[in-house]
Amino acid sequence: MKEKIQKLSATIYNDVVGFRQHIHANPELSFKEYETSSFIKEKLTAWGIEFQEMADTGVVGLIKGVLPSDQVIALRADMDALPIVETNNKPYKSKNEGVMHACGHDVHSSSLLGTAYILNELKTEFAGTIKLVFQPAEELLPGGASIMIKEGVLENPKPHAMVGQHVMPLIETGKVGFRSGIYMASTDELYVTVHGKGGHGAQPHQNIDPVVITAHIIVALQQIVSRNADPRLPSVLSFGKVNANGATNIIPNEVKLEGTFRTLNEEWRNEAHRLMKKMAEGIAESMGGSCDFNIMRGYPFLINEEKLTANAIEYAQDYLGKENVIDLDIWMAAEDFAYYSQVTDSCFYRLGTGNAAKGTTYSVHTPNFDIDEDALRTSTGLMAYIALKQLGN
């Protein structure tokens, strides 16, 4: 079976590269992946793979092995791009100005198409059912995963396990990385408005300066992490946007502040929310102003089920060689795949796409991000192998 998968992976490789370049050149933002969805449905239809639409632009394919089995596994890829202006000068550069596949979702979708081709070619030789989940809107709250779950993606048939992969330019092409247990952080968006009383900068005694209040709030809130969080529990509190909209001699009436809070424990997450709000409002009031502290709750933390992940590591070592399977550390970025991991056994691993000689080591979410397309030789066959092995074939 492994040799057959490897052969089929080689057969479909050039097509997968073409799929990836087409999707990359035609990126679409979250919940607007209409052309990408149509492209995926076109390929599934051509291969005779049945599918249904979900979450507007989502696509869920189904491949049933001919041999009898009640085992079901789901394989997931996301489809959306980011609002970034691409600076790469490649033939497949984004044609949609200001939109770019800077997080590798073009790789995920094209790879799952390649995996679908392989599994469909082998359906007379395996037992079990495979769900192909092409998901919209990983990059935008509330996350396409949460919507697809509400619409029944994990039902009829119900998967016993779910597997996803994500590009990682820090890992060399040809290698993959795994971590068992808690892997990625929850994420919350913070929107704060500090109210004061504006006026002339030369008459601060007549004003209530929201800029100064905001500065105190930003510094004080760091104590939530340094003095309230358990030192053994990773937590991140960062503010990336401050808008006072005054001038050199104008104190504004209000200041708007935006940031993110991330951690790996739901109880602490809830307590941190309470403490941040209480502290910010207290500081503003003590200085004569007021504060609206709004928290947009985002994705939960992502957990890789231990037995499933141990199996996947073993299968990856068998398929790629032990030297090409590495251990990962906790990653404080967030992923809406976490929603799946909260309700079904899940494994989310990293696909190496880095190659210094080819200039593909730039981080995701940057305008010069790109991949070493040799990684597509790994991505399709490995996921197919993991799926069939986990189904007991």
# chains A, B, ... in the order shown; residues from 1 in each chain; ligands from 1

call {"tool": "select_by_dssp", "arguments": {"residues": "range 153-249 of chain A", "states": "alpha helix (DSSP H)", "output": "list of chain:residue names"}}
result
A:Pro210, A:Val211, A:Val212, A:Ile213, A:Thr214, A:Ala215, A:His216, A:Ile217, A:Ile218, A:Val219, A:Ala220, A:Leu221, A:Gln222, A:Gln223

call {"tool": "closest_atom_pairs", "arguments": {"of": "range 328-371 of chain A", "to": "range 180-200 of chain A", "cutoff": "9 Å", "atoms": "only C-alpha atoms", "output": "JSON lines"}}
result
{"residue": "A:Leu328", "atom": "CA", "partner": "A:Tyr183", "partner_atom": "CA", "distance": 8.4}
{"residue": "A:Asp329", "atom": "CA", "partner": "A:Tyr183", "partner_atom": "CA", "distance": 7.4}
{"residue": "A:Ile330", "atom": "CA", "partner": "A:Tyr183", "partner_atom": "CA", "distance": 4.9}
{"residue": "A:Trp331", "atom": "CA", "partner": "A:Met184", "partner_atom": "CA", "distance": 5.0}
{"residue": "A:Met332", "atom": "CA", "partner": "A:Ala185", "partner_atom": "CA", "distance": 4.9}
{"residue": "A:Ala333", "atom": "CA", "partner": "A:Ala185", "partner_atom": "CA", "distance": 5.9}
{"residue": "A:Ala334", "atom": "CA", "partner": "A:Ala185", "partner_atom": "CA", "distance": 5.2}
{"residue": "A:Glu335", "atom": "CA", "partner": "A:Met184", "partner_atom": "CA", "distance": 7.2}
{"residue": "A:Ala338", "atom": "CA", "partner": "A:Met184", "partner_atom": "CA", "distance": 8.0}
{"residue": "A:Cys347", "atom": "CA", "partner": "A:Ser180", "partner_atom": "CA", "distance": 8.1}
{"residue": "A:Phe348", "atom": "CA", "partner": "A:Tyr183", "partner_atom": "CA", "distance": 8.7}

call {"tool": "write_last_selection", "arguments": {"atoms": "N, CA and C atoms", "output": "compact mmCIF listing (two decimals), in the first residue's frame"}}
result
# COMPACT_ATOMS: atom_id res chain seq x y z
N LEU A 328 7.88 18.98 17.94
CA LEU A 328 7.57 20.40 17.97
C LEU A 328 7.39 20.88 19.40
N ASP A 329 7.62 22.17 19.60
CA ASP A 329 7.36 22.80 20.88
C ASP A 329 5.97 23.44 20.83
N ILE A 330 5.51 23.94 21.98
CA ILE A 330 4.25 24.70 22.01
C ILE A 330 4.36 25.91 21.09
N TRP A 331 3.29 26.24 20.43
CA TRP A 331 3.25 27.33 19.46
C TRP A 331 2.12 28.27 19.88
N MET A 332 2.45 29.55 20.16
CA MET A 332 1.46 30.47 20.72
C MET A 332 0.60 31.14 19.66
N ALA A 333 0.76 30.73 18.40
CA ALA A 333 -0.20 31.15 17.39
C ALA A 333 -1.49 30.37 17.60
N ALA A 334 -2.55 30.74 16.89
CA ALA A 334 -3.85 30.10 17.06
C ALA A 334 -4.35 29.55 15.74
N GLU A 335 -5.26 28.60 15.81
CA GLU A 335 -5.80 27.91 14.64
C GLU A 335 -7.23 27.49 14.93
N ALA A 338 -8.59 24.07 16.14
CA ALA A 338 -8.77 23.80 17.56
C ALA A 338 -10.22 23.44 17.89
N CYS A 347 -5.46 15.40 15.21
CA CYS A 347 -4.01 15.53 15.09
C CYS A 347 -3.71 16.59 14.05
N PHE A 348 -2.97 17.62 14.46
CA PHE A 348 -2.62 18.73 13.59
C PHE A 348 -1.10 18.81 13.55

call {"tool": "atom_distance", "arguments": {"atom1": "CA of Tyr315 in chain A", "atom2": "CA of Ile63 in chain A"}}
result
20.8 Å

call {"tool": "residues_around", "arguments": {"residues": "range 269-274 of chain A", "least_positions_apart": "4", "cutoff": "9 Å", "atoms": "only C-alpha atoms", "output": "ChimeraX atom specification"}}
result
/A:186,224-225,228-229,235,261-265,278-279,295

call {"tool": "closest_residue", "arguments": {"among": "A:Val343, A:Ile213, A:Met79, A:Ile250", "to": "Gly201 in chain A", "atoms": "only C-alpha atoms"}}
result
A:Ile250

call {"tool": "residues_around", "arguments": {"residues": "Thr360 in chain A", "least_positions_apart": "4", "cutoff": "8 Å", "atoms": "only C-alpha atoms", "output": "list of chain:residue names"}}
result
A:Pro169, A:Thr353, A:Gly354, A:Asn355, A:Ala356, A:Phe369, A:Asp370, A:Ile371, A:Asp372

call {"tool": "residues_around", "arguments": {"residues": "Gly18 in chain A", "least_positions_apart": "3", "cutoff": "12 Å", "atoms": "only C-alpha atoms", "output": "ChimeraX atom specification"}}
result
/A:12-15,21-25,39,91-92,106-107,109-111,113-114,373,376

call {"tool": "write_last_selection", "arguments": {"atoms": "N, CA and C atoms", "output": "mmCIF file, in the first residue's frame"}}
result
data_model
loop_
_atom_site.group_PDB
_atom_site.id
_atom_site.type_symbol
_atom_site.label_atom_id
_atom_site.label_comp_id
_atom_site.auth_asym_id
_atom_site.auth_seq_id
_atom_site.Cartn_x
_atom_site.Cartn_y
_atom_site.Cartn_z
ATOM 1 N N ILE A 12 0.516 12.339 -9.454
ATOM 2 C CA ILE A 12 -0.330 13.526 -9.329
ATOM 3 C C ILE A 12 0.479 14.775 -8.993
ATOM 4 N N TYR A 13 1.775 14.650 -8.746
ATOM 5 C CA TYR A 13 2.583 15.772 -8.246
ATOM 6 C C TYR A 13 2.488 17.007 -9.137
ATOM 7 N N ASN A 14 2.714 16.876 -10.425
ATOM 8 C CA ASN A 14 2.698 18.045 -11.311
ATOM 9 C C ASN A 14 1.331 18.713 -11.320
ATOM 10 N N ASP A 15 0.277 17.910 -11.229
ATOM 11 C CA ASP A 15 -1.070 18.475 -11.155
ATOM 12 C C ASP A 15 -1.263 19.252 -9.864
ATOM 13 N N GLN A 21 -0.567 26.592 -7.678
ATOM 14 C CA GLN A 21 -0.256 27.863 -8.336
ATOM 15 C C GLN A 21 -1.523 28.581 -8.783
ATOM 16 N N HIS A 22 -2.513 27.814 -9.222
ATOM 17 C CA HIS A 22 -3.785 28.426 -9.615
ATOM 18 C C HIS A 22 -4.466 29.064 -8.414
ATOM 19 N N ILE A 23 -4.544 28.332 -7.313
ATOM 20 C CA ILE A 23 -5.191 28.867 -6.110
ATOM 21 C C ILE A 23 -4.411 30.053 -5.565
ATOM 22 N N HIS A 24 -3.068 29.954 -5.607
ATOM 23 C CA HIS A 24 -2.248 31.055 -5.105
ATOM 24 C C HIS A 24 -2.462 32.323 -5.930
ATOM 25 N N ALA A 25 -2.591 32.169 -7.224
ATOM 26 C CA ALA A 25 -2.750 33.332 -8.101
ATOM 27 C C ALA A 25 -4.130 33.959 -7.991
ATOM 28 N N PHE A 39 -13.412 25.654 -7.944
ATOM 29 C CA PHE A 39 -12.267 24.920 -8.489
ATOM 30 C C PHE A 39 -12.155 23.537 -7.829
ATOM 31 N N PRO A 91 5.520 33.733 -11.439
ATOM 32 C CA PRO A 91 4.431 33.620 -12.427
ATOM 33 C C PRO A 91 3.058 33.429 -11.779
ATOM 34 N N TYR A 92 3.052 32.860 -10.588
ATOM 35 C CA TYR A 92 1.785 32.594 -9.911
ATOM 36 C C TYR A 92 1.473 33.647 -8.845
ATOM 37 N N ASP A 106 -3.301 27.760 0.255
ATOM 38 C CA ASP A 106 -3.274 27.229 -1.109
ATOM 39 C C ASP A 106 -2.586 25.862 -1.137
ATOM 40 N N VAL A 107 -1.561 25.726 -0.307
ATOM 41 C CA VAL A 107 -0.859 24.442 -0.190
ATOM 42 C C VAL A 107 -1.775 23.396 0.441
ATOM 43 N N SER A 109 -5.080 23.238 0.523
ATOM 44 C CA SER A 109 -6.184 22.837 -0.353
ATOM 45 C C SER A 109 -5.699 21.988 -1.527
ATOM 46 N N SER A 110 -4.618 22.414 -2.160
ATOM 47 C CA SER A 110 -4.104 21.638 -3.298
ATOM 48 C C SER A 110 -3.591 20.280 -2.848
ATOM 49 N N SER A 111 -2.984 20.238 -1.663
ATOM 50 C CA SER A 111 -2.492 18.961 -1.145
ATOM 51 C C SER A 111 -3.637 17.999 -0.864
ATOM 52 N N LEU A 113 -6.485 17.986 -2.319
ATOM 53 C CA LEU A 113 -6.961 17.511 -3.623
ATOM 54 C C LEU A 113 -6.097 16.342 -4.107
ATOM 55 N N GLY A 114 -4.783 16.479 -3.967
ATOM 56 C CA GLY A 114 -3.895 15.384 -4.355
ATOM 57 C C GLY A 114 -4.143 14.135 -3.530
ATOM 58 N N GLU A 373 8.089 24.033 -3.509
ATOM 59 C CA GLU A 373 7.025 23.157 -4.001
ATOM 60 C C GLU A 373 7.395 21.679 -3.955
ATOM 61 N N LEU A 376 5.242 19.516 -1.772
ATOM 62 C CA LEU A 376 4.014 18.887 -2.260
ATOM 63 C C LEU A 376 4.226 17.412 -2.592
#

call {"tool": "closest_residue", "arguments": {"among": "A:Pro159, A:Gly174, A:Gly381, A:Gly321", "to": "Val72 in chain A", "atoms": "only C-alpha atoms"}}
result
A:Pro159

call {"tool": "residues_around", "arguments": {"residues": "Glu285 in chain A", "least_positions_apart": "2", "cutoff": "12 Å", "atoms": "only C-alpha atoms", "output": "PyMOL selection string"}}
result
chain A and resi 194-196+208+210+213-214+216-217+278-283+287-292

call {"tool": "residues_around", "arguments": {"residues": "range 134-138 of chain A", "least_positions_apart": "5", "cutoff": "7 Å", "atoms": "only C-alpha atoms", "output": "PyMOL selection string"}}
result
chain A and resi 30-31+33+57-60+76-80+109+143-145+336

call {"tool": "write_last_selection", "arguments": {"atoms": "N, CA and C atoms", "output": "compact mmCIF listing (two decimals), in the first residue's frame"}}
result
# COMPACT_ATOMS: atom_id res chain seq x y z
N SER A 30 -11.55 35.49 3.63
CA SER A 30 -12.41 34.62 4.43
C SER A 30 -13.88 34.82 4.11
N PHE A 31 -14.59 33.70 3.98
CA PHE A 31 -16.01 33.64 3.67
C PHE A 31 -16.33 34.14 2.25
N GLU A 33 -14.59 32.64 -0.54
CA GLU A 33 -13.77 31.71 -1.34
C GLU A 33 -14.58 31.02 -2.44
N THR A 57 -19.24 28.45 1.38
CA THR A 57 -18.18 28.13 0.42
C THR A 57 -17.44 26.83 0.75
N GLY A 58 -17.77 26.19 1.86
CA GLY A 58 -17.09 24.96 2.23
C GLY A 58 -17.52 23.78 1.36
N VAL A 59 -16.63 22.81 1.24
CA VAL A 59 -16.89 21.61 0.45
C VAL A 59 -16.47 20.40 1.27
N VAL A 60 -17.35 19.40 1.34
CA VAL A 60 -17.05 18.19 2.09
C VAL A 60 -17.20 16.99 1.17
N ARG A 76 -8.65 17.60 6.81
CA ARG A 76 -9.08 19.00 6.68
C ARG A 76 -8.03 19.89 6.01
N ALA A 77 -8.52 20.79 5.16
CA ALA A 77 -7.70 21.85 4.57
C ALA A 77 -8.50 23.14 4.61
N ASP A 78 -7.82 24.27 4.85
CA ASP A 78 -8.49 25.56 4.81
C ASP A 78 -8.21 26.24 3.47
N MET A 79 -9.05 27.24 3.11
CA MET A 79 -9.01 27.77 1.74
C MET A 79 -8.76 29.26 1.64
N ASP A 80 -8.91 30.03 2.73
CA ASP A 80 -8.92 31.48 2.63
C ASP A 80 -7.52 32.08 2.62
N SER A 109 -5.08 23.24 0.52
CA SER A 109 -6.18 22.84 -0.35
C SER A 109 -5.70 21.99 -1.53
N GLY A 143 -14.41 31.90 12.74
CA GLY A 143 -13.71 30.75 12.20
C GLY A 143 -14.64 29.80 11.47
N GLY A 144 -14.25 29.42 10.26
CA GLY A 144 -15.09 28.52 9.47
C GLY A 144 -15.31 27.17 10.12
N ALA A 145 -14.34 26.72 10.91
CA ALA A 145 -14.48 25.42 11.57
C ALA A 145 -15.68 25.39 12.49
N ASP A 336 -8.12 27.69 13.97
CA ASP A 336 -9.49 27.28 14.26
C ASP A 336 -9.70 25.77 14.11

call {"tool": "closest_residue", "arguments": {"among": "A:Gly98, A:His108, A:Ala127, A:Pro83", "to": "Gly392 in chain A", "atoms": "only C-alpha atoms"}}
result
A:Ala127

call {"tool": "atom_distance", "arguments": {"atom1": "CA of Lys241 in chain A", "atom2": "CA of Lys256 in chain A"}}
result
8.0 Å

call {"tool": "select_by_dssp", "arguments": {"residues": "range 213-369 of chain A", "states": "strand (DSSP E)", "output": "PyMOL selection string"}}
result
chain A and resi 235-243+250-251+254-263+290-297+302-304+325-327+346-354

call {"tool": "closest_residue", "arguments": {"among": "A:Met276, A:Val85, A:Ile118, A:Met1", "to": "Val99 in chain A", "atoms": "only C-alpha atoms"}}
result
A:Val85

call {"tool": "closest_residue", "arguments": {"among": "A:Leu75, A:Ile84, A:Ala55, A:Ile251", "to": "Asn207 in chain A", "atoms": "only C-alpha atoms"}}
result
A:Ile251
